[in-house]
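my_file-v9.tsv follows (TSV, C-alpha atoms):
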chain	number	residue	atom	x	y	z
Y	1	MET	CA	-20.05	-14.54	9.07
Y	2	SER	CA	-20.02	-16.42	12.36
Y	3	LEU	CA	-17.83	-15.40	15.30
Y	4	LYS	CA	-15.77	-18.54	14.81
Y	5	ARG	CA	-15.02	-17.70	11.16
Y	6	LYS	CA	-14.21	-14.08	12.01
Y	7	HIS	CA	-11.79	-15.26	14.68
Y	8	ALA	CA	-10.15	-17.66	12.23
Y	9	SER	CA	-9.85	-14.90	9.61
Y	10	ALA	CA	-8.24	-12.51	12.09
Y	11	LYS	CA	-5.83	-15.24	13.12
Y	12	ASP	CA	-4.88	-15.88	9.47
Y	13	ASP	CA	-4.30	-12.14	8.93
Y	14	LYS	CA	-2.01	-11.98	11.94
Y	15	SER	CA	-0.16	-15.06	10.76
Y	16	THR	CA	0.39	-13.56	7.30
Y	17	VAL	CA	1.68	-10.29	8.73
Y	18	GLU	CA	4.10	-12.18	10.97
Y	19	ARG	CA	5.19	-14.19	7.94
Y	20	VAL	CA	5.99	-10.99	6.05
Y	21	HIS	CA	8.12	-9.66	8.91
Y	22	LYS	CA	9.99	-12.96	9.09
Y	23	LEU	CA	10.65	-13.02	5.34
Y	24	GLU	CA	11.86	-9.41	5.44
Y	25	ALA	CA	14.31	-10.22	8.24
Y	26	ASN	CA	15.59	-13.23	6.25
Y	27	VAL	CA	16.26	-11.11	3.15
Y	28	LEU	CA	17.99	-8.33	5.08
Y	29	ASN	CA	20.15	-10.78	7.04
Y	30	SER	CA	21.40	-12.86	4.14
Y	31	HIS	CA	21.53	-12.56	0.37
Y	32	GLN	CA	20.91	-16.29	0.19
Y	33	ASN	CA	17.28	-15.54	1.04
Y	34	LEU	CA	16.65	-13.10	-1.83
Y	35	ASN	CA	14.01	-15.44	-3.28
Y	36	ASP	CA	11.79	-14.56	-0.32
Y	37	ILE	CA	11.19	-11.23	-2.07
Y	38	VAL	CA	8.93	-13.05	-4.52
Y	39	GLU	CA	6.69	-14.33	-1.73
Y	40	ILE	CA	6.49	-10.88	-0.10
Y	41	TYR	CA	5.54	-9.38	-3.46
Y	42	THR	CA	2.80	-12.01	-3.89
Y	43	ILE	CA	1.37	-11.07	-0.50
Y	44	ALA	CA	1.54	-7.38	-1.47
Y	45	GLN	CA	-0.85	-8.15	-4.32
Y	46	SER	CA	-3.30	-10.09	-2.15
Y	47	THR	CA	-6.81	-8.95	-1.23
Y	48	ASN	CA	-5.92	-9.07	2.46
Y	49	ALA	CA	-5.60	-5.31	3.08
Y	50	GLU	CA	-3.55	-5.47	6.27
Y	51	ALA	CA	-1.13	-8.08	4.95
Y	52	ALA	CA	-0.79	-6.31	1.59
Y	53	PHE	CA	-0.06	-2.98	3.29
Y	54	THR	CA	2.56	-4.64	5.50
Y	55	ALA	CA	4.17	-6.34	2.50
Y	56	VAL	CA	4.34	-3.13	0.45
Y	57	ASN	CA	6.09	-1.31	3.30
Y	58	SER	CA	8.36	-4.31	3.87
Y	59	LEU	CA	9.46	-4.28	0.23
Y	60	GLY	CA	10.17	-0.56	0.58
Y	61	ARG	CA	12.58	-1.23	3.45
Y	62	ILE	CA	14.22	-4.11	1.57
Y	63	TYR	CA	14.82	-2.14	-1.63
Y	64	SER	CA	16.00	0.90	0.34
Y	65	ALA	CA	18.66	-1.27	1.91
Y	66	MET	CA	19.61	-2.67	-1.49
Y	67	TRP	CA	20.03	0.77	-3.00
Y	68	THR	CA	22.21	1.74	-0.05
Y	69	LYS	CA	24.38	-1.35	-0.57
Y	70	GLY	CA	24.59	-0.71	-4.33
Y	71	LEU	CA	22.91	-3.99	-5.26
Y	72	LEU	CA	20.41	-2.37	-7.65
Y	73	LYS	CA	22.90	-0.21	-9.49
Y	74	ARG	CA	23.68	-1.30	-13.03
Y	75	THR	CA	27.44	-1.90	-13.33
Y	76	LYS	CA	29.26	-1.66	-16.65
Y	77	GLY	CA	32.46	-3.44	-17.54
Y	78	PRO	CA	34.17	-6.49	-16.03
Y	79	GLN	CA	33.57	-5.41	-12.42
Y	80	GLN	CA	30.95	-8.13	-11.84
Y	81	ASP	CA	31.23	-11.83	-12.49
Y	82	ALA	CA	28.48	-13.56	-14.44
Y	83	ALA	CA	26.64	-14.86	-11.36
Y	84	ALA	CA	26.62	-11.48	-9.59
Y	85	ALA	CA	25.47	-9.75	-12.78
Y	86	LYS	CA	22.61	-12.25	-13.10
Y	87	VAL	CA	21.51	-11.66	-9.49
Y	88	SER	CA	21.71	-7.89	-9.98
Y	89	GLU	CA	19.57	-8.10	-13.13
Y	90	TRP	CA	17.02	-10.28	-11.31
Y	91	LEU	CA	16.84	-7.78	-8.45
Y	92	ARG	CA	16.29	-4.89	-10.85
Y	93	ASP	CA	13.46	-6.78	-12.57
Y	94	ASN	CA	11.79	-7.40	-9.22
Y	95	TYR	CA	12.35	-3.78	-8.19
Y	96	ARG	CA	10.66	-2.71	-11.41
Y	97	GLN	CA	7.66	-4.87	-10.54
Y	98	TYR	CA	7.53	-3.20	-7.15
Y	99	THR	CA	7.58	0.33	-8.59
Y	100	ASP	CA	4.88	-0.72	-11.08
Y	101	LEU	CA	2.80	-1.83	-8.10
Y	102	LEU	CA	3.34	1.55	-6.43
Y	103	ARG	CA	2.23	3.27	-9.65
Y	104	SER	CA	-0.97	1.27	-9.73
Y	105	MET	CA	-1.58	2.18	-6.06
Y	106	LEU	CA	-1.33	5.88	-7.02
Y	107	GLY	CA	-4.52	5.31	-8.98
Y	108	HIS	CA	-6.31	3.49	-6.16
Y	109	ARG	CA	-9.80	4.72	-5.28
Y	110	GLU	CA	-8.79	5.25	-1.61
Y	111	ALA	CA	-6.91	8.52	-0.96
Y	112	PRO	CA	-4.82	7.18	2.00
Y	113	ILE	CA	-3.46	4.39	-0.24
Y	114	GLN	CA	-2.55	6.96	-2.91
Y	115	VAL	CA	-0.64	9.03	-0.34
Y	116	THR	CA	1.15	5.96	1.05
Y	117	SER	CA	2.21	4.97	-2.46
Y	118	LEU	CA	3.51	8.47	-3.15
Y	119	ARG	CA	5.52	8.45	0.08
Y	120	LEU	CA	7.08	5.05	-0.62
Y	121	TYR	CA	7.81	5.85	-4.27
Y	122	LEU	CA	9.60	9.07	-3.36
Y	123	GLN	CA	11.57	7.27	-0.66
Y	124	MET	CA	12.74	4.76	-3.27
Y	125	MET	CA	13.67	7.63	-5.55
Y	126	ASP	CA	15.70	9.22	-2.74
Y	127	LYS	CA	17.72	6.02	-2.23
Y	128	GLU	CA	18.17	5.62	-5.98
Y	129	GLY	CA	19.43	9.20	-6.37
Y	130	GLN	CA	21.90	8.85	-3.51
Y	131	ALA	CA	23.25	5.57	-4.90
Y	132	LEU	CA	23.67	7.02	-8.40
Y	133	GLY	CA	25.26	10.16	-6.94
Y	134	ARG	CA	27.84	8.15	-4.98
Y	135	ALA	CA	28.72	6.18	-8.11
Y	136	ALA	CA	29.02	9.29	-10.29
Y	137	ASN	CA	30.64	11.41	-7.57
Y	138	ASN	CA	28.16	14.11	-8.50
Y	139	TYR	CA	24.56	15.15	-7.91
Y	140	VAL	CA	22.16	12.86	-9.79
Y	141	PHE	CA	18.39	13.31	-9.84
Y	142	PRO	CA	16.59	10.10	-10.95
Y	143	ASN	CA	14.08	11.87	-13.16
Y	144	ASP	CA	12.99	8.75	-15.06
Y	145	SER	CA	11.41	7.49	-11.83
Y	146	TYR	CA	10.05	10.92	-10.90
Y	147	LEU	CA	8.52	11.41	-14.34
Y	148	GLU	CA	6.54	8.20	-13.86
Y	149	ILE	CA	5.17	9.49	-10.56
Y	150	ILE	CA	4.15	12.87	-11.98
Y	151	GLU	CA	2.71	11.35	-15.14
Y	152	THR	CA	0.55	8.95	-13.13
Y	153	VAL	CA	-0.68	11.57	-10.65
Y	154	LEU	CA	-1.59	14.12	-13.33
Y	155	ASN	CA	-3.24	11.69	-15.74
Y	156	SER	CA	-5.24	9.56	-13.31
Y	157	ASP	CA	-8.97	10.23	-12.95
Y	158	ALA	CA	-8.70	8.76	-9.45
Y	159	THR	CA	-6.23	11.39	-8.20
Y	160	SER	CA	-7.72	12.81	-5.00
Y	161	GLU	CA	-7.50	16.29	-3.51
Y	162	HIS	CA	-5.70	14.71	-0.55
Y	163	LEU	CA	-2.98	13.37	-2.86
Y	164	VAL	CA	-2.58	16.73	-4.63
Y	165	ARG	CA	-2.42	18.56	-1.30
Y	166	THR	CA	0.18	16.12	0.04
Y	167	LEU	CA	2.30	16.39	-3.10
Y	168	VAL	CA	2.28	20.20	-2.90
Y	169	ASP	CA	2.52	20.80	0.85
Y	170	SER	CA	4.87	18.00	1.87
Y	171	TYR	CA	7.12	17.90	-1.19
Y	172	LEU	CA	6.90	20.61	-3.88
Y	173	ASN	CA	6.69	23.53	-1.46
Y	174	SER	CA	9.42	22.03	0.69
Y	175	TYR	CA	12.10	20.68	-1.69
Y	176	ASP	CA	13.67	22.71	-4.48
Y	177	ASP	CA	14.82	19.75	-6.59
Y	178	LEU	CA	11.37	18.12	-6.59
Y	179	ARG	CA	9.79	21.43	-7.60
Y	180	LEU	CA	12.34	22.10	-10.37
Y	181	TYR	CA	11.88	18.69	-11.97
Y	182	PHE	CA	8.11	18.84	-11.49
Y	183	TYR	CA	8.00	21.95	-13.68
Y	184	ARG	CA	10.29	20.33	-16.23
Y	185	ASN	CA	8.16	17.20	-16.33
Y	186	VAL	CA	4.93	19.19	-16.77
Y	187	ALA	CA	6.48	20.93	-19.79
Y	188	LYS	CA	7.63	17.57	-21.15
Y	189	LEU	CA	4.28	15.83	-20.62
Y	190	ALA	CA	2.41	18.74	-22.21
Y	191	SER	CA	4.57	18.66	-25.33
Y	192	PRO	CA	3.03	17.13	-28.48
Y	193	ASP	CA	6.43	15.50	-29.13
Y	194	TYR	CA	6.43	13.52	-25.89
Y	195	ASP	CA	6.07	9.77	-26.43
Y	196	PRO	CA	4.41	8.21	-23.37
Y	197	PHE	CA	5.32	4.69	-24.56
Y	198	LYS	CA	9.00	5.30	-25.29
Y	199	ASN	CA	10.36	3.70	-22.11
Y	200	ARG	CA	7.78	0.94	-21.78
Y	201	GLY	CA	8.84	-1.46	-24.48
Y	202	ASN	CA	6.48	-0.11	-27.17
Y	203	LYS	CA	8.30	0.54	-30.42
Y	204	GLY	CA	7.49	3.42	-32.69
Y	205	ALA	CA	6.96	7.05	-31.78
Y	206	ARG	CA	3.42	8.11	-30.95
Y	207	LYS	CA	1.95	11.56	-30.81
Y	208	ASN	CA	1.19	12.68	-27.27
Y	209	THR	CA	-2.48	13.32	-26.51
Y	210	VAL	CA	-2.97	15.55	-23.49
Y	211	SER	CA	-6.18	14.82	-21.60
Y	212	ASP	CA	-8.51	17.23	-19.83
Y	213	THR	CA	-7.62	15.35	-16.64
Y	214	PHE	CA	-3.95	16.25	-17.09
Y	215	VAL	CA	-4.79	19.93	-17.62
Y	216	ARG	CA	-7.03	20.01	-14.55
Y	217	HIS	CA	-4.55	18.30	-12.23
Y	218	ALA	CA	-1.48	20.13	-13.56
Y	219	PHE	CA	-3.16	23.48	-12.95
Y	220	ALA	CA	-4.42	22.37	-9.51
Y	221	VAL	CA	-0.87	21.53	-8.44
Y	222	MET	CA	0.89	24.52	-10.03
Y	223	ASN	CA	-1.69	26.96	-8.70
Y	224	GLN	CA	-1.01	25.79	-5.13
Y	225	ILE	CA	2.79	26.03	-5.28
Y	226	ARG	CA	3.86	29.07	-3.28
Y	227	THR	CA	7.60	28.54	-2.85
Y	228	VAL	CA	10.05	30.21	-5.24
Y	229	PHE	CA	13.73	29.27	-5.27
Y	230	SER	CA	16.00	31.95	-3.89
Y	231	ALA	CA	19.73	32.04	-4.59
Y	232	ASP	CA	20.20	33.89	-1.31
Y	233	SER	CA	19.26	30.88	0.81
Y	234	ASP	CA	20.52	27.29	0.96
Y	235	ALA	CA	18.72	24.85	-1.31
Y	236	SER	CA	16.39	22.38	0.34
Y	237	LEU	CA	16.92	19.09	-1.50
Y	238	TRP	CA	15.07	15.78	-1.40
Y	239	ILE	CA	18.05	14.04	-3.04
Y	240	ALA	CA	20.97	14.96	-0.80
Y	241	MET	CA	23.98	16.64	-2.37
Y	242	PRO	CA	27.12	14.42	-2.29
Y	243	LYS	CA	29.98	15.60	-0.10
Y	244	THR	CA	32.13	15.99	-3.19
Y	245	CYS	CA	30.34	17.34	-6.24
Y	246	GLY	CA	31.88	18.15	-9.61
Y	247	ASN	CA	29.86	20.74	-11.50
Y	248	GLU	CA	27.23	22.93	-9.89
Y	249	PRO	CA	23.91	21.16	-10.53
Y	250	ASP	CA	20.81	22.94	-11.85
Y	251	VAL	CA	18.96	22.41	-8.57
Y	252	VAL	CA	21.02	25.18	-6.93
Y	253	ARG	CA	20.91	27.60	-9.88
Y	254	ALA	CA	18.20	30.27	-9.78
Y	255	ALA	CA	18.22	30.64	-13.58
Y	256	ALA	CA	17.36	26.96	-14.03
Y	257	HIS	CA	14.39	27.25	-11.65
Y	258	THR	CA	13.11	30.38	-13.41
Y	259	ARG	CA	13.39	28.75	-16.82
Y	260	ALA	CA	11.60	25.58	-15.67
Y	261	PHE	CA	8.79	27.64	-14.08
Y	262	SER	CA	8.37	29.64	-17.30
Y	263	GLU	CA	8.37	26.63	-19.61
Y	264	ALA	CA	5.81	24.77	-17.49
Y	265	TRP	CA	3.32	27.65	-17.41
Y	266	LEU	CA	3.75	28.42	-21.12
Y	267	ALA	CA	3.25	24.74	-21.97
Y	268	LEU	CA	0.05	24.66	-19.88
Y	269	MET	CA	-1.27	27.84	-21.50
Y	270	ARG	CA	-0.86	26.30	-24.97
Y	271	LEU	CA	-3.21	23.45	-24.07
Y	272	PRO	CA	-7.01	23.57	-24.47
Y	273	LEU	CA	-8.20	25.12	-21.20
Y	274	THR	CA	-11.65	25.04	-19.67
Y	275	ALA	CA	-13.30	28.43	-19.15
Y	276	ASP	CA	-12.83	28.13	-15.40
Y	277	ILE	CA	-9.09	27.35	-15.57
Y	278	TYR	CA	-8.62	30.06	-18.19
Y	279	LYS	CA	-10.15	32.66	-15.88
Y	280	GLN	CA	-8.23	31.44	-12.83
Y	281	ILE	CA	-4.93	31.77	-14.69
Y	282	LEU	CA	-5.80	35.32	-15.71
Y	283	LEU	CA	-6.87	36.17	-12.16
Y	284	THR	CA	-3.48	35.24	-10.71
Y	285	MET	CA	-1.32	36.14	-13.70
Y	286	HIS	CA	-0.01	39.52	-12.47
Y	287	LYS	CA	0.90	38.29	-8.97
Y	288	ARG	CA	1.94	34.65	-9.25
Y	289	ILE	CA	3.19	34.22	-12.81
Y	290	VAL	CA	4.49	37.41	-14.43
Y	291	PRO	CA	6.99	38.34	-11.65
Y	292	TYR	CA	8.74	34.94	-11.85
Y	293	MET	CA	8.94	34.45	-15.61
Y	294	ALA	CA	12.34	34.27	-17.30
Y	295	ASP	CA	10.96	36.58	-20.00
Y	296	ALA	CA	7.60	38.20	-19.26
Y	297	LYS	CA	7.28	39.15	-22.94
Y	298	SER	CA	6.60	35.47	-23.72
Y	299	LEU	CA	3.15	35.91	-22.11
Y	300	MET	CA	2.15	38.59	-24.59
Y	301	ASP	CA	0.53	36.21	-27.08
Y	302	PHE	CA	-1.59	34.52	-24.40
Y	303	LEU	CA	-2.70	37.83	-22.90
Y	304	SER	CA	-3.35	39.44	-26.28
Y	305	SER	CA	-5.56	36.58	-27.45
Y	306	SER	CA	-7.35	36.65	-24.09
Y	307	TYR	CA	-7.93	40.40	-24.35
Y	308	GLU	CA	-9.47	39.99	-27.80
Y	309	ILE	CA	-11.97	37.32	-26.68
Y	310	GLY	CA	-14.23	39.93	-25.12
Y	311	GLY	CA	-16.50	39.83	-22.10
Y	312	SER	CA	-15.20	38.88	-18.66
Y	313	VAL	CA	-12.11	37.20	-20.13
Y	314	SER	CA	-10.96	40.52	-21.58
Y	315	LEU	CA	-11.53	42.23	-18.23
Y	316	LEU	CA	-9.38	39.63	-16.48
Y	317	ALA	CA	-6.61	39.95	-19.07
Y	318	LEU	CA	-6.28	43.67	-18.28
Y	319	ASN	CA	-4.26	43.11	-15.10
Y	320	GLY	CA	-1.61	41.05	-16.89
Y	321	LEU	CA	-1.43	43.42	-19.83
Y	322	PHE	CA	-1.13	46.40	-17.51
Y	323	THR	CA	1.78	44.73	-15.69
Y	324	LEU	CA	3.59	44.02	-18.97
Y	325	MET	CA	3.02	47.57	-20.23
Y	326	THR	CA	4.08	49.40	-17.07
Y	327	GLU	CA	6.81	47.14	-15.68
Y	328	HIS	CA	8.22	45.55	-18.84
Y	329	ASN	CA	7.78	48.43	-21.33
Y	330	LEU	CA	5.69	46.45	-23.78
Y	331	ASN	CA	3.42	48.21	-26.26
Y	332	TYR	CA	-0.01	46.85	-27.13
Y	333	PRO	CA	-1.35	48.16	-30.47
Y	334	ASN	CA	-4.71	49.94	-30.29
Y	335	PHE	CA	-4.93	49.27	-26.57
Y	336	TYR	CA	-7.21	52.23	-25.79
Y	337	GLU	CA	-9.49	51.52	-28.76
Y	338	LYS	CA	-10.08	48.00	-27.46
Y	339	LEU	CA	-10.44	49.24	-23.89
Y	340	TYR	CA	-13.11	51.68	-25.12
Y	341	ALA	CA	-14.92	48.80	-26.82
Y	342	LEU	CA	-15.21	47.00	-23.47
Y	343	LEU	CA	-17.31	49.85	-22.11
Y	344	ASP	CA	-20.87	48.72	-22.69
Y	345	ARG	CA	-23.88	48.27	-20.44
Y	346	ASN	CA	-22.83	44.69	-19.63
Y	347	VAL	CA	-19.75	45.93	-17.79
Y	348	PHE	CA	-21.94	46.95	-14.83
Y	349	HIS	CA	-23.19	43.37	-14.39
Y	350	VAL	CA	-19.99	41.29	-14.57
Y	351	LYS	CA	-18.43	39.66	-11.56
Y	352	TYR	CA	-15.15	41.58	-11.88
Y	353	ARG	CA	-16.68	45.06	-12.23
Y	354	ALA	CA	-14.79	46.67	-9.33
Y	355	ARG	CA	-11.45	45.38	-10.60
Y	356	PHE	CA	-12.18	46.67	-14.10
Y	357	PHE	CA	-13.07	50.22	-12.99
Y	358	ARG	CA	-10.04	50.38	-10.71
Y	359	LEU	CA	-7.78	49.48	-13.63
Y	360	LEU	CA	-9.66	51.81	-15.98
Y	361	GLU	CA	-8.94	54.74	-13.70
Y	362	THR	CA	-5.28	53.76	-13.59
Y	363	PHE	CA	-5.06	53.48	-17.38
Y	364	LEU	CA	-6.66	56.90	-17.88
Y	365	GLY	CA	-4.77	58.62	-15.06
Y	366	SER	CA	-1.63	59.35	-17.07
Y	367	SER	CA	-1.08	63.04	-17.79
Y	368	HIS	CA	0.49	62.11	-21.15
Y	369	LEU	CA	-2.83	61.01	-22.64
Y	370	PRO	CA	-4.46	63.44	-25.09
Y	371	ALA	CA	-7.49	65.29	-23.69
Y	372	TYR	CA	-9.80	64.08	-26.49
Y	373	LEU	CA	-9.11	60.45	-25.55
Y	374	VAL	CA	-9.97	60.94	-21.86
Y	375	ALA	CA	-13.02	63.00	-22.85
Y	376	ALA	CA	-14.27	60.16	-25.04
Y	377	PHE	CA	-14.09	57.73	-22.10
Y	378	ALA	CA	-15.77	60.21	-19.74
Y	379	LYS	CA	-18.59	60.78	-22.22
Y	380	ARG	CA	-19.07	57.02	-22.72
Y	381	LEU	CA	-19.16	56.44	-18.97
Y	382	ALA	CA	-21.66	59.24	-18.41
Y	383	ARG	CA	-23.99	57.86	-21.06
Y	384	LEU	CA	-23.77	54.33	-19.62
Y	385	ALA	CA	-24.38	55.64	-16.08
Y	386	LEU	CA	-27.80	56.94	-17.18
Y	387	PHE	CA	-29.01	53.37	-17.75
Y	388	ALA	CA	-26.85	51.57	-15.20
Y	389	PRO	CA	-28.20	50.00	-11.99
Y	390	PRO	CA	-27.69	52.16	-8.87
Y	391	ALA	CA	-24.57	50.29	-7.80
Y	392	GLY	CA	-23.06	50.79	-11.26
Y	393	ALA	CA	-23.86	54.50	-11.37
Y	394	VAL	CA	-22.28	54.98	-7.95
Y	395	THR	CA	-19.10	53.43	-9.38
Y	396	ALA	CA	-19.08	55.35	-12.67
Y	397	ILE	CA	-19.85	58.90	-11.49
Y	398	PRO	CA	-16.86	59.25	-9.08
Y	399	LEU	CA	-14.61	57.90	-11.85
Y	400	ILE	CA	-15.91	60.57	-14.27
Y	401	TYR	CA	-15.28	63.24	-11.63
Y	402	ASN	CA	-11.71	62.02	-11.05
Y	403	LEU	CA	-11.01	62.01	-14.79
Y	404	LEU	CA	-12.24	65.60	-15.20
Y	405	LYS	CA	-10.21	66.67	-12.20
Y	406	ALA	CA	-7.05	64.99	-13.43
Y	407	HIS	CA	-7.46	66.40	-16.95
Y	408	PRO	CA	-8.95	69.91	-16.58
Y	409	SER	CA	-8.29	70.74	-20.23
Show this structure as structure tokens.
Amino acid sequence: MSLKRKHASAKDDKSTVERVHKLEANVLNSHQNLNDIVEIYTIAQSTNAEAAFTAVNSLGRIYSAMWTKGLLKRTKGPQQDAAAAKVSEWLRDNYRQYTDLLRSMLGHREAPIQVTSLRLYLQMMDKEGQALGRAANNYVFPNDSYLEIIETVLNSDATSEHLVRTLVDSYLNSYDDLRLYFYRNVAKLASPDYDPFKNRGNKGARKNTVSDTFVRHAFAVMNQIRTVFSADSDASLWIAMPKTCGNEPDVVRAAAHTRAFSEAWLALMRLPLTADIYKQILLTMHKRIVPYMADAKSLMDFLSSSYEIGGSVSLLALNGLFTLMTEHNLNYPNFYEKLYALLDRNVFHVKYRARFFRLLETFLGSSHLPAYLVAAFAKRLARLALFAPPAGAVTAIPLIYNLLKAHPS
């Protein structure tokens, strides 16, 4: 491209950006210029990156102002005349096109565009929630909009690590309402009864098919969430609480947060998991999941089936089972028989060997265990130590000594 053509192109870009700013000012200054929204939306879909970016942000400011003024709120009854109702319906249709555009941008191949779309979409959701809350004189969380965001992020193959990190660090770890409804939406999206086409004009219920992409992204997000709602501190809310609020909303109730956390993790564990995700869940189970469950007993089926798989998966399941048995008084049938079966020569070569022997010593340290049971484990360990690599023998022999010392009989 010649210098003259480049100069002309840059001039056109600048002209288009200025045009967008002028159209935005016209719309915000007078409702008679609402049709200018259509032209801004057309520019937002153009291939001119700078102009499109400017137009998308411009539409965000326009629709934010409209939510604040109540122009996008659906009004029931004879409160609107026919002309005003028609304008309101037209605005909502155009707003829907804008949010659809933001959804498509969430799946863009460029991570910065994904993050910008997420930021704008959540800003729109904030204005929508505040407008609905003022109308209802209560706290209202616009979860239909939020569900669309979460569904797109978790199901898109294009979702970047930058987008996931931004969602977690800037929003889910910072705002209690976004985190609560994120967990609820994960449980909903993972349910076989969820119909992804219900609200998109497609008639007839369809069975939900959960993709491997959804599982991978849902776990990636949930595994990075570190904040837990505390009833002892003030709630941090993305959708501000109205000055006058009727009933206490779920976003400030600890029980609601605990239940949502539990349902999301249980829903994820029911899905087909890759070996890597399966092991990562088991690795963090006793520290990040069990303590915050509404009912820790609900994890028993997952941990039991994991323990019976054998190999390294069984070793990783021990931590969770131990926590349930010691802190939640749960009994596991034939626990010591299955623990004994894990003791073979392969145990000295697995990645989690040190963790296993530390737990084994804890399990066998109780003075209430019969002497013959501890003796059987000591004998098995001694026999395995004869053929173990040096590092394994060094681990096994002190454990045998400690067992004999703790159980002199």
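Among Y:Asp212, Y:Phe141, Y:Leu315, Y:Tyr181, the residue with the shortest atom-to-atom distance to Lys127 in chain Y, counting all atoms listed in the file, is Y:Phe141.
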Counting all atoms listed in the file, what are the residues of range 176-243 of chain Y within 9 Å of range 144-149 of chain Y, and for each of them which pair of atoms is the nearest and at what distance in Å, to one decimal? Sort the table by chain and rising number, as a tab-separated table.
residue	atom	partner	partner_atom	distance
Y:Leu178	CA	Y:Tyr146	CA	8.5
Y:Tyr181	CA	Y:Tyr146	CA	8.1
Y:Phe182	CA	Y:Leu147	CA	8.0
Y:Asn185	CA	Y:Leu147	CA	6.1
Y:Val186	CA	Y:Leu147	CA	8.9
Y:Leu189	CA	Y:Leu147	CA	8.8
The residues within 12 Å of (-22.3, 48.8, -23.7), using all atoms listed in the file and the coordinates of the file, should be reported as a PyMOL selection string; which are they?
chain Y and resi 311+339-349+380-388
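Omitting Tyr352 in chain Y and its sequence neighbours fewer than 6 positions away, and counting only C-alpha atoms, the residues within 12 Å are Lys279, Leu282, Leu283, Gly311, Ser312, Val313, Ser314, Leu315, Leu316, Ala317, Leu318, Asn319, Asn346, Arg358 and Leu359 of chain Y.
Atom pair CA of Leu23 in chain Y / CA of Ser58 in chain Y has a distance of 9.1 Å (rounded to one decimal).
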For the atom pair CA of Lys73 in chain Y and CA of Glu128 in chain Y, what is the interatomic distance in Å to one decimal place?
8.3 Å
Nearest candidate to Val164 in chain Y (options Y:Tyr121, Y:Phe219, Y:Tyr332, Y:Phe229; using all atoms listed in the file)
Y:Phe219
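Between Ala49 in chain Y and the residues Y:Arg61, Y:Lys14, Y:Arg353, Y:His21, the shortest atom-to-atom distance, using only C-alpha atoms, involves Y:Lys14.
Taking CA of Tyr183 in chain Y and CA of Tyr63 in chain Y as the two end points, the separation is 27.8 Å.
Of the listed residues Y:Ala158, Y:Val221, Y:Lys287, Y:Ala296, the one whose atoms come nearest to Arg259 in chain Y is Y:Ala296, with distances taken using all atoms listed in the file.
Summary of the local environment: counting all atoms listed in the file, residues at most 10 Å from Ala55 in chain Y, other than itself and those fewer than 4 positions away along its chain, are Thr16, Val17, Arg19, Val20, His21, Leu23, Glu24, Ile37, Glu39, Ile40, Tyr41, Thr42, Ile43, Ala44, Gln45, Ser46, Ala49, Glu50, Ala51, Leu59, Gly60 and Arg61 of chain Y.
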Taking 2 positions as the minimum chain separation for residues in the same chain, which residues sit within 10 Å of Ser409 in chain Y when counting only C-alpha atoms? Answer as an mmCIF file with C-alpha atoms, in the frame of the given file.
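Result file is out-v8.cif:
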data_model
loop_
_atom_site.group_PDB
_atom_site.id
_atom_site.type_symbol
_atom_site.label_atom_id
_atom_site.label_comp_id
_atom_site.auth_asym_id
_atom_site.auth_seq_id
_atom_site.Cartn_x
_atom_site.Cartn_y
_atom_site.Cartn_z
ATOM 1 C CA PRO Y 370 -4.460 63.440 -25.090
ATOM 2 C CA ALA Y 371 -7.490 65.290 -23.690
ATOM 3 C CA TYR Y 372 -9.800 64.080 -26.490
ATOM 4 C CA ALA Y 375 -13.020 63.000 -22.850
ATOM 5 C CA LEU Y 404 -12.240 65.600 -15.200
ATOM 6 C CA LYS Y 405 -10.210 66.670 -12.200
ATOM 7 C CA ALA Y 406 -7.050 64.990 -13.430
ATOM 8 C CA HIS Y 407 -7.460 66.400 -16.950
#
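Nearest to Leu360 in chain Y of all the residues Y:Tyr336, Y:Glu263, Y:Ala376, Y:Tyr171 is Y:Tyr336, counting all atoms listed in the file.
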Step by step: start from the point (-0.8, 42.1, -15.7) in the file's coordinates, keep every protein, DNA or RNA residue that has an atom no farther than 12 Å from it, count only C-alpha atoms, and write the set as number ranges by chain.
Y: 281-291, 296-297, 299-300, 302-304, 306-307, 314-328, 330, 359
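Candidate residues Y:Ala131, Y:Ile113, Y:Met125, Y:Val38 were compared for distance to Asp93 in chain Y, and the nearest is Y:Val38, using all atoms listed in the file.
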With N, CA and C atoms as the target, complete range 117-122 of chain Y and hand it back as a compact mmCIF listing (two decimals), in the frame of the given file.
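Saved as selection_16.txt:
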# COMPACT_ATOMS: atom_id res chain seq x y z
N SER Y 117 1.44 5.33 -1.27
CA SER Y 117 2.21 4.97 -2.46
C SER Y 117 3.16 6.10 -2.86
N LEU Y 118 2.66 7.33 -2.83
CA LEU Y 118 3.51 8.47 -3.15
C LEU Y 118 4.70 8.55 -2.20
N ARG Y 119 4.45 8.38 -0.92
CA ARG Y 119 5.52 8.45 0.08
C ARG Y 119 6.58 7.38 -0.17
N LEU Y 120 6.14 6.14 -0.40
CA LEU Y 120 7.08 5.05 -0.62
C LEU Y 120 7.86 5.23 -1.93
N TYR Y 121 7.16 5.66 -2.97
CA TYR Y 121 7.81 5.85 -4.27
C TYR Y 121 8.90 6.92 -4.18
N LEU Y 122 8.60 8.01 -3.49
CA LEU Y 122 9.60 9.07 -3.36
C LEU Y 122 10.75 8.64 -2.46
